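Here is the file entry.txt (compact mmCIF, C-alpha atoms).
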# COMPACT_ATOMS: atom_id res chain seq x y z
CA MET Q 1 -26.90 1.81 9.09
CA THR Q 2 -26.24 3.03 12.60
CA LEU Q 3 -22.69 2.89 13.88
CA ARG Q 4 -21.57 3.11 17.47
CA PRO Q 5 -18.08 3.30 18.97
CA GLY Q 6 -16.88 -0.19 19.67
CA ASP Q 7 -18.86 -1.75 16.83
CA ALA Q 8 -17.01 -4.43 14.90
CA LEU Q 9 -16.99 -3.94 11.14
CA ALA Q 10 -18.19 -6.81 8.98
CA GLU Q 11 -15.20 -8.89 7.95
CA PHE Q 12 -14.05 -9.33 4.36
CA VAL Q 13 -12.55 -12.74 3.59
CA ILE Q 14 -10.16 -13.86 0.87
CA ASP Q 15 -10.49 -17.62 0.92
CA SER Q 16 -7.20 -18.25 -0.86
CA VAL Q 17 -4.68 -15.63 -1.98
CA SER Q 18 -4.23 -16.16 -5.71
CA ALA Q 19 -0.80 -16.57 -7.32
CA ALA Q 20 -2.41 -15.75 -10.68
CA ALA Q 21 -3.68 -12.44 -9.32
CA MET Q 22 -0.13 -11.57 -8.25
CA LYS Q 23 0.88 -11.73 -11.92
CA ASP Q 24 -1.88 -9.23 -12.69
CA TRP Q 25 -0.73 -6.95 -9.86
CA ALA Q 26 2.84 -7.05 -11.15
CA VAL Q 27 1.42 -5.43 -14.30
CA PHE Q 28 -0.83 -3.01 -12.39
CA LEU Q 29 2.15 -1.85 -10.30
CA ALA Q 30 4.70 -2.00 -13.15
CA ASP Q 31 6.86 -3.92 -10.69
CA PRO Q 32 7.99 -7.41 -11.77
CA ASN Q 33 9.61 -8.27 -8.43
CA PRO Q 34 10.09 -12.07 -8.70
CA ILE Q 35 9.13 -12.72 -5.06
CA HIS Q 36 5.55 -12.20 -6.31
CA LEU Q 37 5.98 -14.44 -9.35
CA ASP Q 38 8.44 -17.26 -8.75
CA PRO Q 39 8.38 -19.49 -5.66
CA ALA Q 40 11.97 -20.56 -6.40
CA VAL Q 41 13.10 -16.96 -5.87
CA VAL Q 42 11.16 -16.75 -2.61
CA LYS Q 43 12.85 -19.94 -1.44
CA ALA Q 44 16.31 -18.77 -2.54
CA LYS Q 45 15.86 -15.59 -0.50
CA GLY Q 46 14.86 -17.59 2.57
CA LEU Q 47 11.41 -16.01 2.65
CA GLY Q 48 9.34 -19.20 2.44
CA ASP Q 49 8.24 -21.52 -0.33
CA ARG Q 50 5.22 -19.72 -1.79
CA VAL Q 51 4.98 -16.47 -3.74
CA ILE Q 52 4.31 -13.36 -1.64
CA ASN Q 53 1.29 -11.17 -2.24
CA GLN Q 54 1.96 -7.53 -3.13
CA GLY Q 55 1.49 -5.29 -0.09
CA PRO Q 56 -0.93 -2.89 -1.84
CA ALA Q 57 -3.20 -5.84 -2.66
CA ASN Q 58 -3.48 -6.52 1.06
CA VAL Q 59 -4.40 -2.86 1.57
CA ALA Q 60 -7.05 -3.25 -1.13
CA TYR Q 61 -8.70 -5.99 0.98
CA VAL Q 62 -8.91 -3.51 3.88
CA ILE Q 63 -10.49 -0.94 1.58
CA ASN Q 64 -13.02 -3.51 0.37
CA MET Q 65 -13.86 -4.37 3.98
CA LEU Q 66 -14.42 -0.72 4.90
CA LEU Q 67 -16.57 0.14 1.89
CA LEU Q 68 -18.70 -2.99 2.22
CA ALA Q 69 -19.08 -2.68 6.00
CA VAL Q 70 -20.32 0.92 5.78
CA PRO Q 71 -22.26 1.27 2.51
CA GLY Q 72 -22.09 4.72 0.98
CA ALA Q 73 -19.06 5.76 3.04
CA ALA Q 74 -15.88 7.15 1.48
CA ILE Q 75 -12.36 6.73 2.76
CA ALA Q 76 -10.91 10.02 3.96
CA ALA Q 77 -7.73 8.61 5.46
CA LEU Q 78 -6.04 5.25 5.81
CA ASP Q 79 -2.80 4.29 7.52
CA ALA Q 80 -1.59 0.71 7.21
CA LYS Q 81 1.47 -0.84 8.81
CA PHE Q 82 2.84 -3.99 7.19
CA LEU Q 83 3.61 -6.58 9.86
CA ASP Q 84 4.12 -9.76 7.83
CA ASN Q 85 3.73 -11.25 4.36
CA ALA Q 86 0.66 -12.87 2.85
CA TYR Q 87 1.48 -15.95 0.78
CA ALA Q 88 -0.29 -17.69 -2.08
CA GLY Q 89 -2.96 -19.94 -0.65
CA ASP Q 90 -3.33 -18.01 2.60
CA ARG Q 91 -6.84 -17.40 3.89
CA LEU Q 92 -7.01 -13.72 4.84
CA ILE Q 93 -9.59 -11.94 6.97
CA ALA Q 94 -9.81 -8.14 6.89
CA GLY Q 95 -11.68 -6.48 9.71
CA GLY Q 96 -11.86 -3.55 12.04
CA SER Q 97 -13.85 -1.69 14.64
CA VAL Q 98 -15.22 1.80 15.19
CA THR Q 99 -13.14 3.79 17.69
CA ALA Q 100 -14.77 7.25 17.47
CA LEU Q 101 -17.78 8.73 15.77
CA THR Q 102 -19.19 12.11 14.75
CA ALA Q 103 -22.14 12.90 12.52
CA ALA Q 104 -19.75 13.23 9.60
CA GLN Q 105 -16.96 10.73 10.21
CA ALA Q 106 -16.07 7.41 11.77
CA ASP Q 107 -12.59 6.59 12.99
CA CYS Q 108 -11.72 2.91 12.84
CA ASP Q 109 -9.00 0.47 13.73
CA ILE Q 110 -8.28 -1.86 10.84
CA TRP Q 111 -6.40 -5.13 10.41
CA VAL Q 112 -5.76 -8.07 8.13
CA ARG Q 113 -5.14 -11.47 9.66
CA ALA Q 114 -3.66 -14.51 7.92
CA GLU Q 115 -5.46 -17.56 9.27
CA GLY Q 116 -3.12 -19.55 11.47
CA ARG Q 117 -0.36 -16.94 11.48
CA GLY Q 118 -1.76 -13.71 12.94
CA GLN Q 119 -1.94 -10.11 11.79
CA ILE Q 120 -0.17 -9.04 8.62
CA ILE Q 121 -1.55 -5.48 8.57
CA SER Q 122 -2.72 -3.17 11.33
CA GLY Q 123 -3.68 0.47 11.21
CA THR Q 124 -6.40 3.07 11.28
CA ALA Q 125 -8.89 4.61 8.89
CA THR Q 126 -11.27 7.54 8.82
CA LEU Q 127 -14.50 7.21 6.88
CA THR Q 128 -16.66 10.07 5.64
CA LEU Q 129 -20.16 8.86 6.34
CA PRO Q 130 -22.99 9.00 3.81
CA HIS Q 131 -25.25 12.05 4.08
CA ALA Q 132 -22.56 13.80 6.14
CA MET O 1 25.98 -2.26 19.70
CA SER O 2 22.51 -0.77 19.37
CA GLY O 3 23.32 2.66 17.94
CA THR O 4 24.39 3.58 14.44
CA THR O 5 27.39 5.82 15.17
CA ASP O 6 29.73 3.06 14.00
CA LEU O 7 28.00 2.85 10.63
CA PRO O 8 28.55 4.96 7.52
CA PRO O 9 25.77 7.52 7.11
CA ALA O 10 22.78 6.81 4.89
CA PRO O 11 22.86 8.57 1.52
CA GLU O 12 21.49 12.13 1.57
CA VAL O 13 18.32 11.83 -0.46
CA ALA O 14 15.79 14.05 1.33
CA GLY O 15 14.26 16.51 -1.11
CA ILE O 16 14.90 14.53 -4.28
CA SER O 17 11.95 15.19 -6.58
CA LEU O 18 9.62 12.38 -7.56
CA ASP O 19 7.50 14.55 -9.83
CA GLY O 20 6.18 12.56 -12.75
CA SER O 21 6.23 13.60 -16.38
CA ASP O 22 3.41 11.69 -18.04
CA PRO O 23 -0.08 11.59 -16.51
CA TYR O 24 -1.65 8.36 -15.33
CA THR O 25 -5.14 7.44 -16.46
CA ILE O 26 -7.03 4.63 -14.74
CA SER O 27 -8.65 2.60 -17.49
CA ALA O 28 -12.10 1.16 -16.91
CA GLU O 29 -10.85 -2.21 -18.09
CA GLN O 30 -7.92 -2.36 -15.72
CA ASN O 31 -10.00 -1.04 -12.84
CA ALA O 32 -12.52 -3.82 -13.44
CA ALA O 33 -9.77 -6.45 -13.54
CA LEU O 34 -8.21 -5.07 -10.37
CA CYS O 35 -11.51 -4.99 -8.51
CA ARG O 36 -12.28 -8.58 -9.48
CA SER O 37 -8.79 -9.68 -8.41
CA THR O 38 -9.59 -8.39 -4.91
CA GLY O 39 -13.00 -10.03 -4.77
CA VAL O 40 -15.35 -7.13 -5.54
CA ALA O 41 -17.17 -5.78 -8.57
CA PRO O 42 -16.13 -2.43 -10.05
CA ALA O 43 -18.27 0.58 -9.15
CA ALA O 44 -20.90 1.54 -11.71
CA ASP O 45 -20.52 5.30 -11.10
CA GLY O 46 -17.12 5.77 -12.71
CA SER O 47 -15.18 5.80 -9.47
CA ALA O 48 -12.03 3.71 -9.36
CA HIS O 49 -10.87 1.40 -6.60
CA PRO O 50 -9.23 3.63 -3.97
CA ILE O 51 -6.09 1.46 -4.00
CA TYR O 52 -5.18 3.31 -7.18
CA TYR O 53 -3.79 5.95 -4.82
CA TYR O 54 -0.81 3.60 -4.48
CA ILE O 55 -0.74 2.16 -7.99
CA ALA O 56 -1.08 5.43 -9.89
CA THR O 57 1.51 7.24 -7.80
CA GLN O 58 4.00 4.39 -8.07
CA VAL O 59 3.60 3.92 -11.80
CA ALA O 60 3.62 7.62 -12.75
CA MET O 61 6.14 9.05 -10.27
CA GLY O 62 9.35 10.39 -11.70
CA LYS O 63 11.37 7.27 -10.90
CA THR O 64 10.78 3.57 -11.33
CA VAL O 65 10.86 1.38 -8.23
CA ALA O 66 14.39 0.36 -9.22
CA GLY O 67 15.28 4.00 -9.80
CA LEU O 68 13.94 5.07 -6.41
CA CYS O 69 16.02 2.33 -4.79
CA ALA O 70 19.06 3.33 -6.83
CA ALA O 71 18.72 6.92 -5.59
CA CYS O 72 19.15 5.42 -2.11
CA GLU O 73 22.20 3.44 -3.33
CA PHE O 74 20.16 0.25 -2.89
CA ASP O 75 19.84 -2.55 -5.45
CA VAL O 76 16.18 -3.38 -6.00
CA GLU O 77 17.25 -7.03 -6.36
CA ASP O 78 18.16 -6.98 -2.65
CA GLY O 79 14.46 -6.77 -1.80
CA PRO O 80 12.91 -3.54 -0.56
CA MET O 81 10.03 -4.19 1.86
CA MET O 82 6.95 -2.12 2.53
CA GLY O 83 6.88 -0.72 6.05
CA SER O 84 3.74 1.37 5.95
CA SER O 85 1.46 3.27 3.63
CA GLY O 86 -0.80 6.17 4.47
CA VAL O 87 -3.19 8.15 2.31
CA ARG O 88 -5.44 11.19 2.61
CA PHE O 89 -8.20 11.55 0.02
CA ALA O 90 -9.80 14.84 -0.99
CA GLY O 91 -12.23 13.03 -3.27
CA ALA O 92 -12.83 9.84 -5.19
CA LEU O 93 -10.44 8.64 -7.88
CA ARG O 94 -12.17 8.20 -11.21
CA VAL O 95 -11.54 6.13 -14.32
CA GLY O 96 -10.65 8.01 -17.48
CA VAL O 97 -9.15 11.03 -15.71
CA PRO O 98 -5.48 11.87 -16.41
CA TYR O 99 -3.79 12.34 -13.02
CA GLN O 100 -0.40 13.98 -12.65
CA VAL O 101 1.98 12.90 -9.89
CA SER O 102 4.14 15.16 -7.76
CA GLY O 103 6.24 14.21 -4.81
CA GLU O 104 9.56 14.00 -3.07
CA ILE O 105 11.72 11.83 -0.86
CA LEU O 106 11.27 12.88 2.76
CA GLY O 107 14.20 11.05 4.25
CA LEU O 108 16.38 7.98 4.57
CA THR O 109 17.28 6.92 8.10
CA ARG O 110 19.79 4.23 8.99
CA LYS O 111 18.71 1.99 11.87
CA ARG O 112 19.47 -1.29 13.56
CA SER O 113 16.72 -3.86 13.92
CA ARG O 114 16.80 -7.06 15.99
CA LYS O 115 14.95 -8.82 13.18
CA LEU O 116 16.62 -7.34 10.10
CA GLY O 117 19.97 -6.09 11.31
CA VAL O 118 21.07 -2.83 9.69
CA MET O 119 18.47 -1.23 7.48
CA ASP O 120 17.61 2.09 5.89
CA VAL O 121 14.09 3.41 6.34
CA LEU O 122 12.95 5.34 3.25
CA GLU O 123 10.04 7.76 3.56
CA TYR O 124 8.56 9.47 0.51
CA ARG O 125 5.42 11.42 -0.31
CA LEU O 126 3.45 11.48 -3.55
CA ARG O 127 0.36 13.38 -4.65
CA LEU O 128 -2.18 12.69 -7.39
CA HIS O 129 -3.39 15.87 -9.08
CA ALA O 130 -6.59 16.14 -11.06
CA PRO O 131 -6.43 18.05 -14.37
CA ASP O 132 -7.42 21.29 -12.55
CA GLY O 133 -4.32 20.90 -10.36
CA VAL O 134 -6.14 19.94 -7.17
CA ALA O 135 -4.42 17.18 -5.19
CA ILE O 136 -7.07 14.49 -4.95
CA ALA O 137 -4.90 12.14 -2.88
CA GLU O 138 -1.66 12.35 -0.96
CA THR O 139 0.26 9.29 0.16
CA THR O 140 3.21 8.85 2.45
CA ASN O 141 4.96 5.52 2.16
CA VAL O 142 7.74 3.91 4.15
CA TRP O 143 9.97 1.23 2.69
CA VAL O 144 12.56 -0.80 4.56
CA LEU O 145 15.84 -1.34 2.71
CA PRO O 146 17.85 -4.13 4.40
CA ARG O 147 21.61 -3.55 4.54
CA PRO O 148 23.03 -6.94 5.54
CA ALA O 149 26.49 -5.98 4.32
CA LEU O 150 26.64 -3.35 7.09
CA ALA O 151 25.56 -5.67 9.91
Using structure tokens, write down the structure that the file contains.
Amino acid sequence: MTLRPGDALAEFVIDSVSAAAMKDWAVFLADPNPIHLDPAVVKAKGLGDRVINQGPANVAYVINMLLLAVPGAAIAALDAKFLDNAYAGDRLIAGGSVTALTAAQADCDIWVRAEGRGQIISGTATLTLPHA
Amino acid sequence: MSGTTDLPPAPEVAGISLDGSDPYTISAEQNAALCRSTGVAPAADGSAHPIYYYIATQVAMGKTVAGLCAACEFDVEDGPMMGSSGVRFAGALRVGVPYQVSGEILGLTRKRSRKLGVMDVLEYRLRLHAPDGVAIAETTNVWVLPRPALA
């Protein structure tokens, strides 16, 4: 595929953040923080009424977006800032755009947006392009 | 008051080692489950999902999440929050490879926030080393540790 600065990257959509997947991620991360597992704990902490997705899972959606938008590319660098939580049931859209390009690499802005609430992640990434 | 001169200093934690002891191996089974949980199929070439930069370093660093918080005199039950995560890859992470973790705490800075009140900002760096010693990934993470008792 041919990239140009300013190009939008194809979005990656999570139709509904899964509470069941959060239980799996608690195992993956060896981190049984109850805000990811028990909505009563989330409510008691004043953080809402639905379990909160693990931050690295939200970063994984960005990675999926990048690797699907630019087939054959590899991630050289990624910087993600966490702006807000993603909750069970949220519809998330990961996207980005190309900000600079060489024959070997593409620099990109990246983001994840929770439908109806705004950005939950923003940042940048550098892709090593295929055949570079 | 917007400064922090009226607050006790944050604990001195810069330089504390986070070197792991046991290696971390990404299993093909777990990688497949993780990929599916994020809405994609696992790669067929033996590469692992790149998010294992975060998972492997967290699981195999020299402290648990609770232990890292405790080093900062912070109770994990009080809710650490992720501020940012950055990573630099020197190559692809692969299933079945035993990676060793090295790392250290870079700093803990006490701040005031309009949204969170008093908080400590923890910055730490971790590396994943392949069996030949080469660092295949290096991550720098920032956690926010709210300190409501100091507000």
Just the residues within 10 Å of Ala73 of chain Q, please, counting all atoms listed in the file, with nothing from its chain fewer than 2 positions along; format it as a list of chain:residue names.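 That gives Q:Leu66, Q:Leu67, Q:Leu68, Q:Ala69, Q:Val70, Q:Pro71, Q:Ile75, Q:Ala76, Q:Ala104, Q:Gln105, Q:Ala106, Q:Thr126, Q:Leu127, Q:Thr128, Q:Leu129, Q:Pro130, Q:His131, Q:Ala132.
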Would you mind exporting C-alpha atoms of the selected residues as an mmCIF file, keeping the file's coordinate frame?
data_model
loop_
_atom_site.group_PDB
_atom_site.id
_atom_site.type_symbol
_atom_site.label_atom_id
_atom_site.label_comp_id
_atom_site.auth_asym_id
_atom_site.auth_seq_id
_atom_site.Cartn_x
_atom_site.Cartn_y
_atom_site.Cartn_z
ATOM 1 C CA LEU Q 66 -14.420 -0.720 4.900
ATOM 2 C CA LEU Q 67 -16.570 0.140 1.890
ATOM 3 C CA LEU Q 68 -18.700 -2.990 2.220
ATOM 4 C CA ALA Q 69 -19.080 -2.680 6.000
ATOM 5 C CA VAL Q 70 -20.320 0.920 5.780
ATOM 6 C CA PRO Q 71 -22.260 1.270 2.510
ATOM 7 C CA ILE Q 75 -12.360 6.730 2.760
ATOM 8 C CA ALA Q 76 -10.910 10.020 3.960
ATOM 9 C CA ALA Q 104 -19.750 13.230 9.600
ATOM 10 C CA GLN Q 105 -16.960 10.730 10.210
ATOM 11 C CA ALA Q 106 -16.070 7.410 11.770
ATOM 12 C CA THR Q 126 -11.270 7.540 8.820
ATOM 13 C CA LEU Q 127 -14.500 7.210 6.880
ATOM 14 C CA THR Q 128 -16.660 10.070 5.640
ATOM 15 C CA LEU Q 129 -20.160 8.860 6.340
ATOM 16 C CA PRO Q 130 -22.990 9.000 3.810
ATOM 17 C CA HIS Q 131 -25.250 12.050 4.080
ATOM 18 C CA ALA Q 132 -22.560 13.800 6.140
#
I need the contact residues of chain O against chain Q, so if you could list those with any atom within 10 Å, counting all atoms listed in the file, and return them as a PDB file with C-alpha atoms, in the frame of the given file, that would help.
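Result went into out-v6.pdb, see below:
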ATOM      1  CA  GLN O  30      -7.920  -2.360 -15.720  1.00  0.00           C
ATOM      2  CA  ASN O  31     -10.000  -1.040 -12.840  1.00  0.00           C
ATOM      3  CA  ALA O  33      -9.770  -6.450 -13.540  1.00  0.00           C
ATOM      4  CA  LEU O  34      -8.210  -5.070 -10.370  1.00  0.00           C
ATOM      5  CA  CYS O  35     -11.510  -4.990  -8.510  1.00  0.00           C
ATOM      6  CA  ARG O  36     -12.280  -8.580  -9.480  1.00  0.00           C
ATOM      7  CA  SER O  37      -8.790  -9.680  -8.410  1.00  0.00           C
ATOM      8  CA  THR O  38      -9.590  -8.390  -4.910  1.00  0.00           C
ATOM      9  CA  GLY O  39     -13.000 -10.030  -4.770  1.00  0.00           C
ATOM     10  CA  VAL O  40     -15.350  -7.130  -5.540  1.00  0.00           C
ATOM     11  CA  HIS O  49     -10.870   1.400  -6.600  1.00  0.00           C
ATOM     12  CA  PRO O  50      -9.230   3.630  -3.970  1.00  0.00           C
ATOM     13  CA  ILE O  51      -6.090   1.460  -4.000  1.00  0.00           C
ATOM     14  CA  TYR O  52      -5.180   3.310  -7.180  1.00  0.00           C
ATOM     15  CA  TYR O  53      -3.790   5.950  -4.820  1.00  0.00           C
ATOM     16  CA  TYR O  54      -0.810   3.600  -4.480  1.00  0.00           C
ATOM     17  CA  ILE O  55      -0.740   2.160  -7.990  1.00  0.00           C
ATOM     18  CA  ALA O  56      -1.080   5.430  -9.890  1.00  0.00           C
ATOM     19  CA  THR O  57       1.510   7.240  -7.800  1.00  0.00           C
ATOM     20  CA  GLN O  58       4.000   4.390  -8.070  1.00  0.00           C
ATOM     21  CA  VAL O  59       3.600   3.920 -11.800  1.00  0.00           C
ATOM     22  CA  ALA O  60       3.620   7.620 -12.750  1.00  0.00           C
ATOM     23  CA  THR O  64      10.780   3.570 -11.330  1.00  0.00           C
ATOM     24  CA  VAL O  65      10.860   1.380  -8.230  1.00  0.00           C
ATOM     25  CA  ALA O  66      14.390   0.360  -9.220  1.00  0.00           C
ATOM     26  CA  VAL O  76      16.180  -3.380  -6.000  1.00  0.00           C
ATOM     27  CA  GLU O  77      17.250  -7.030  -6.360  1.00  0.00           C
ATOM     28  CA  ASP O  78      18.160  -6.980  -2.650  1.00  0.00           C
ATOM     29  CA  GLY O  79      14.460  -6.770  -1.800  1.00  0.00           C
ATOM     30  CA  PRO O  80      12.910  -3.540  -0.560  1.00  0.00           C
ATOM     31  CA  MET O  81      10.030  -4.190   1.860  1.00  0.00           C
ATOM     32  CA  MET O  82       6.950  -2.120   2.530  1.00  0.00           C
ATOM     33  CA  GLY O  83       6.880  -0.720   6.050  1.00  0.00           C
ATOM     34  CA  SER O  84       3.740   1.370   5.950  1.00  0.00           C
ATOM     35  CA  SER O  85       1.460   3.270   3.630  1.00  0.00           C
ATOM     36  CA  GLY O  86      -0.800   6.170   4.470  1.00  0.00           C
ATOM     37  CA  VAL O  87      -3.190   8.150   2.310  1.00  0.00           C
ATOM     38  CA  ARG O  88      -5.440  11.190   2.610  1.00  0.00           C
ATOM     39  CA  PHE O  89      -8.200  11.550   0.020  1.00  0.00           C
ATOM     40  CA  ALA O  90      -9.800  14.840  -0.990  1.00  0.00           C
ATOM     41  CA  GLY O  91     -12.230  13.030  -3.270  1.00  0.00           C
ATOM     42  CA  ALA O  92     -12.830   9.840  -5.190  1.00  0.00           C
ATOM     43  CA  ALA O 137      -4.900  12.140  -2.880  1.00  0.00           C
ATOM     44  CA  GLU O 138      -1.660  12.350  -0.960  1.00  0.00           C
ATOM     45  CA  THR O 139       0.260   9.290   0.160  1.00  0.00           C
ATOM     46  CA  THR O 140       3.210   8.850   2.450  1.00  0.00           C
ATOM     47  CA  ASN O 141       4.960   5.520   2.160  1.00  0.00           C
ATOM     48  CA  VAL O 142       7.740   3.910   4.150  1.00  0.00           C
ATOM     49  CA  TRP O 143       9.970   1.230   2.690  1.00  0.00           C
TER      50      TRP O 143
END
Could you tell me how far atom CA of Met119 of chain O lies from atom CA of Leu7 of chain O, in Å and to one decimal? 10.8 Å
I'd like to know which of Q:Arg91, Q:His36, Q:Lys43, Q:Arg117 is closest to Ser16 of chain Q, using all atoms listed in the file.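 Result for the nearest residue to Ser16 of chain Q: Q:Arg91.
One distance worth recording is that between atom CA of Val98 of chain Q and atom CA of Asp45 of chain O, which is 27.0 Å.
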Spatial sel., origin (26.1, -0.7, 14.4), limit 10 Å, all atoms listed in the file, listed as a PyMOL selection string: chain O and resi 1-8+110-113+117-118+150-151
Grab the residues selected above and save them as a compact mmCIF listing (two decimals), in the frame of the given file with C-alpha atoms.
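Saved result, part-v3.txt, follows:
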# COMPACT_ATOMS: atom_id res chain seq x y z
CA MET O 1 25.98 -2.26 19.70
CA SER O 2 22.51 -0.77 19.37
CA GLY O 3 23.32 2.66 17.94
CA THR O 4 24.39 3.58 14.44
CA THR O 5 27.39 5.82 15.17
CA ASP O 6 29.73 3.06 14.00
CA LEU O 7 28.00 2.85 10.63
CA PRO O 8 28.55 4.96 7.52
CA ARG O 110 19.79 4.23 8.99
CA LYS O 111 18.71 1.99 11.87
CA ARG O 112 19.47 -1.29 13.56
CA SER O 113 16.72 -3.86 13.92
CA GLY O 117 19.97 -6.09 11.31
CA VAL O 118 21.07 -2.83 9.69
CA LEU O 150 26.64 -3.35 7.09
CA ALA O 151 25.56 -5.67 9.91
Give me the residues within 8 Å of Ala32 of chain O as an MDAnalysis selection string, counting all atoms listed in the file and dropping any in the same chain fewer than 4 places off. chainID O and resid 28 36 41:42
With C-alpha atoms retained, write the just-selected residues as a CSV table (one decimal), in the coordinates of the input.
chain,number,residue,atom,x,y,z
O,28,ALA,CA,-12.1,1.2,-16.9
O,36,ARG,CA,-12.3,-8.6,-9.5
O,41,ALA,CA,-17.2,-5.8,-8.6
O,42,PRO,CA,-16.1,-2.4,-10.0
Do a neighbour search on Pro9 of chain O at 10 Å with only C-alpha atoms, toss out local chain neighbours closer than 6 positions, and write the hits as a short mmCIF file (atom, residue, chain, number, x, y, z; two decimals) with C-alpha atoms, in the frame of the given file.
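In the end it all went to out.cif:
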data_model
loop_
_atom_site.label_atom_id
_atom_site.label_comp_id
_atom_site.auth_asym_id
_atom_site.auth_seq_id
_atom_site.Cartn_x
_atom_site.Cartn_y
_atom_site.Cartn_z
CA LEU O 108 16.38 7.98 4.57
CA THR O 109 17.28 6.92 8.10
CA ARG O 110 19.79 4.23 8.99
CA ASP O 120 17.61 2.09 5.89
#
Rounded to one decimal in Å, what is the spacing between atom CA of Arg94 of chain O and atom CA of Ser17 of chain O?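 Interatomic distance here is 25.5 Å.
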Neighbours of Val97 of chain O within 12 Å (only C-alpha atoms; same-chain residues fewer than 6 positions away dropped), as a PyMOL selection string? chain O and resi 23-28+46-48+56+128-132+136
Keeping only C-alpha atoms, write the selected residues as a PDB file, keeping the file's coordinate frame.
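Below is the file that was written, again20.pdb:
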ATOM      1  CA  PRO O  23      -0.080  11.590 -16.510  1.00  0.00           C
ATOM      2  CA  TYR O  24      -1.650   8.360 -15.330  1.00  0.00           C
ATOM      3  CA  THR O  25      -5.140   7.440 -16.460  1.00  0.00           C
ATOM      4  CA  ILE O  26      -7.030   4.630 -14.740  1.00  0.00           C
ATOM      5  CA  SER O  27      -8.650   2.600 -17.490  1.00  0.00           C
ATOM      6  CA  ALA O  28     -12.100   1.160 -16.910  1.00  0.00           C
ATOM      7  CA  GLY O  46     -17.120   5.770 -12.710  1.00  0.00           C
ATOM      8  CA  SER O  47     -15.180   5.800  -9.470  1.00  0.00           C
ATOM      9  CA  ALA O  48     -12.030   3.710  -9.360  1.00  0.00           C
ATOM     10  CA  ALA O  56      -1.080   5.430  -9.890  1.00  0.00           C
ATOM     11  CA  LEU O 128      -2.180  12.690  -7.390  1.00  0.00           C
ATOM     12  CA  HIS O 129      -3.390  15.870  -9.080  1.00  0.00           C
ATOM     13  CA  ALA O 130      -6.590  16.140 -11.060  1.00  0.00           C
ATOM     14  CA  PRO O 131      -6.430  18.050 -14.370  1.00  0.00           C
ATOM     15  CA  ASP O 132      -7.420  21.290 -12.550  1.00  0.00           C
ATOM     16  CA  ILE O 136      -7.070  14.490  -4.950  1.00  0.00           C
TER      17      ILE O 136
END
